[in-house]
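**Student:** Supplied in structure tokens, the structure appears directly below.
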Amino acid sequence: MHKVEINWNMVFFASFVIMAAVLVFYALQMNNLMKGSYSIKSYEKKISQLSEVNKNLQVSFAENSLIGQTTQVAKALNFERTTVVKYIQIPVLDNSFAIAK
């Protein structure tokens, strides 16, 4: 039987190369993770800013739309809100008819 001799220098060198490769891979993955985290925070900030701009545009549109203008015209003409509604009773005639054009 032959005795198997192990070249320990090669084993240590191979182990060192593998550990160095794993360390470099870990550093690159952590760098990618940090870039992703920064991108997410940046996009969340942009979304927040755009949401605020959108809200301001909606308010501006509501104020400048027909309903907003109607409210402003009503205030300018001194219109008031109704508080009491009174109905007028009109007697119904038996021989009434409607004319459609």
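Identifiers for the structure tokens are assigned positionally: chains receive A, B, ... in sequence, residues are indexed from 1 per chain, and ligands are indexed from 1 in the order shown.
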So that I can check the secondary structure, give me every residue of chain A assigned helix (DSSP H, G or I) by backbone DSSP, as an MDAnalysis selection string.
**Tutor:** chainID A and resid 8:64 66:76
**Student:** Once you have the residues from the selection above, write them out as a short mmCIF file (atom, residue, chain, number, x, y, z; two decimals), in the first residue's frame, restricted to C-alpha atoms.
**Tutor:**
data_model
loop_
_atom_site.label_atom_id
_atom_site.label_comp_id
_atom_site.auth_asym_id
_atom_site.auth_seq_id
_atom_site.Cartn_x
_atom_site.Cartn_y
_atom_site.Cartn_z
CA TRP A 8 -0.36 21.04 2.98
CA ASN A 9 0.98 24.14 1.25
CA MET A 10 -1.46 23.55 -1.63
CA VAL A 11 -4.35 22.93 0.81
CA PHE A 12 -3.62 26.19 2.66
CA PHE A 13 -3.23 28.09 -0.61
CA ALA A 14 -6.50 26.69 -2.00
CA SER A 15 -8.27 27.49 1.29
CA PHE A 16 -6.91 31.04 1.21
CA VAL A 17 -8.06 31.54 -2.40
CA ILE A 18 -11.53 30.22 -1.62
CA MET A 19 -11.85 32.41 1.49
CA ALA A 20 -10.67 35.47 -0.45
CA ALA A 21 -13.21 34.76 -3.21
CA VAL A 22 -16.01 34.38 -0.65
CA LEU A 23 -14.96 37.64 1.05
CA VAL A 24 -14.96 39.52 -2.28
CA PHE A 25 -18.37 38.03 -3.16
CA TYR A 26 -19.73 39.10 0.26
CA ALA A 27 -18.40 42.65 -0.18
CA LEU A 28 -19.98 42.93 -3.64
CA GLN A 29 -23.32 41.63 -2.37
CA MET A 30 -23.29 44.10 0.54
CA ASN A 31 -22.53 46.91 -1.93
CA ASN A 32 -25.50 45.87 -4.09
CA LEU A 33 -27.71 45.70 -0.99
CA MET A 34 -26.71 49.22 0.04
CA LYS A 35 -27.36 50.54 -3.49
CA GLY A 36 -30.81 48.94 -3.43
CA SER A 37 -31.60 50.41 -0.03
CA TYR A 38 -30.52 53.87 -1.18
CA SER A 39 -32.61 53.55 -4.35
CA ILE A 40 -35.70 52.55 -2.35
CA LYS A 41 -35.31 55.55 -0.03
CA SER A 42 -34.78 57.85 -3.00
CA TYR A 43 -37.90 56.53 -4.75
CA GLU A 44 -39.98 56.81 -1.57
CA LYS A 45 -38.89 60.44 -1.25
CA LYS A 46 -39.86 61.12 -4.88
CA ILE A 47 -43.23 59.40 -4.36
CA SER A 48 -43.86 61.56 -1.30
CA GLN A 49 -42.99 64.74 -3.20
CA LEU A 50 -45.15 63.77 -6.18
CA SER A 51 -48.06 62.90 -3.88
CA GLU A 52 -47.84 66.36 -2.31
CA VAL A 53 -47.76 68.01 -5.75
CA ASN A 54 -50.73 65.86 -6.83
CA LYS A 55 -52.71 66.88 -3.75
CA ASN A 56 -52.00 70.57 -4.43
CA LEU A 57 -53.04 70.17 -8.06
CA GLN A 58 -56.30 68.48 -7.03
CA VAL A 59 -57.09 71.35 -4.65
CA SER A 60 -56.23 73.89 -7.35
CA PHE A 61 -58.38 72.07 -9.89
CA ALA A 62 -61.31 71.93 -7.49
CA GLU A 63 -61.03 75.65 -6.79
CA ASN A 64 -60.76 76.55 -10.49
CA LEU A 66 -66.99 74.90 -12.43
CA ILE A 67 -68.03 74.08 -8.88
CA GLY A 68 -65.31 76.29 -7.43
CA GLN A 69 -66.26 79.14 -9.78
CA THR A 70 -69.94 78.69 -8.96
CA THR A 71 -69.18 78.98 -5.26
CA GLN A 72 -67.18 82.16 -5.86
CA VAL A 73 -69.94 83.69 -8.03
CA ALA A 74 -72.57 82.80 -5.42
CA LYS A 75 -70.54 84.55 -2.74
CA ALA A 76 -70.02 87.57 -4.99
#
**Student:** Go ahead and compute the interatomic distance for CA of Leu77 (chain A) and CA of Ser65 (chain A), in Å to one decimal.
**Tutor:** 18.3 Å
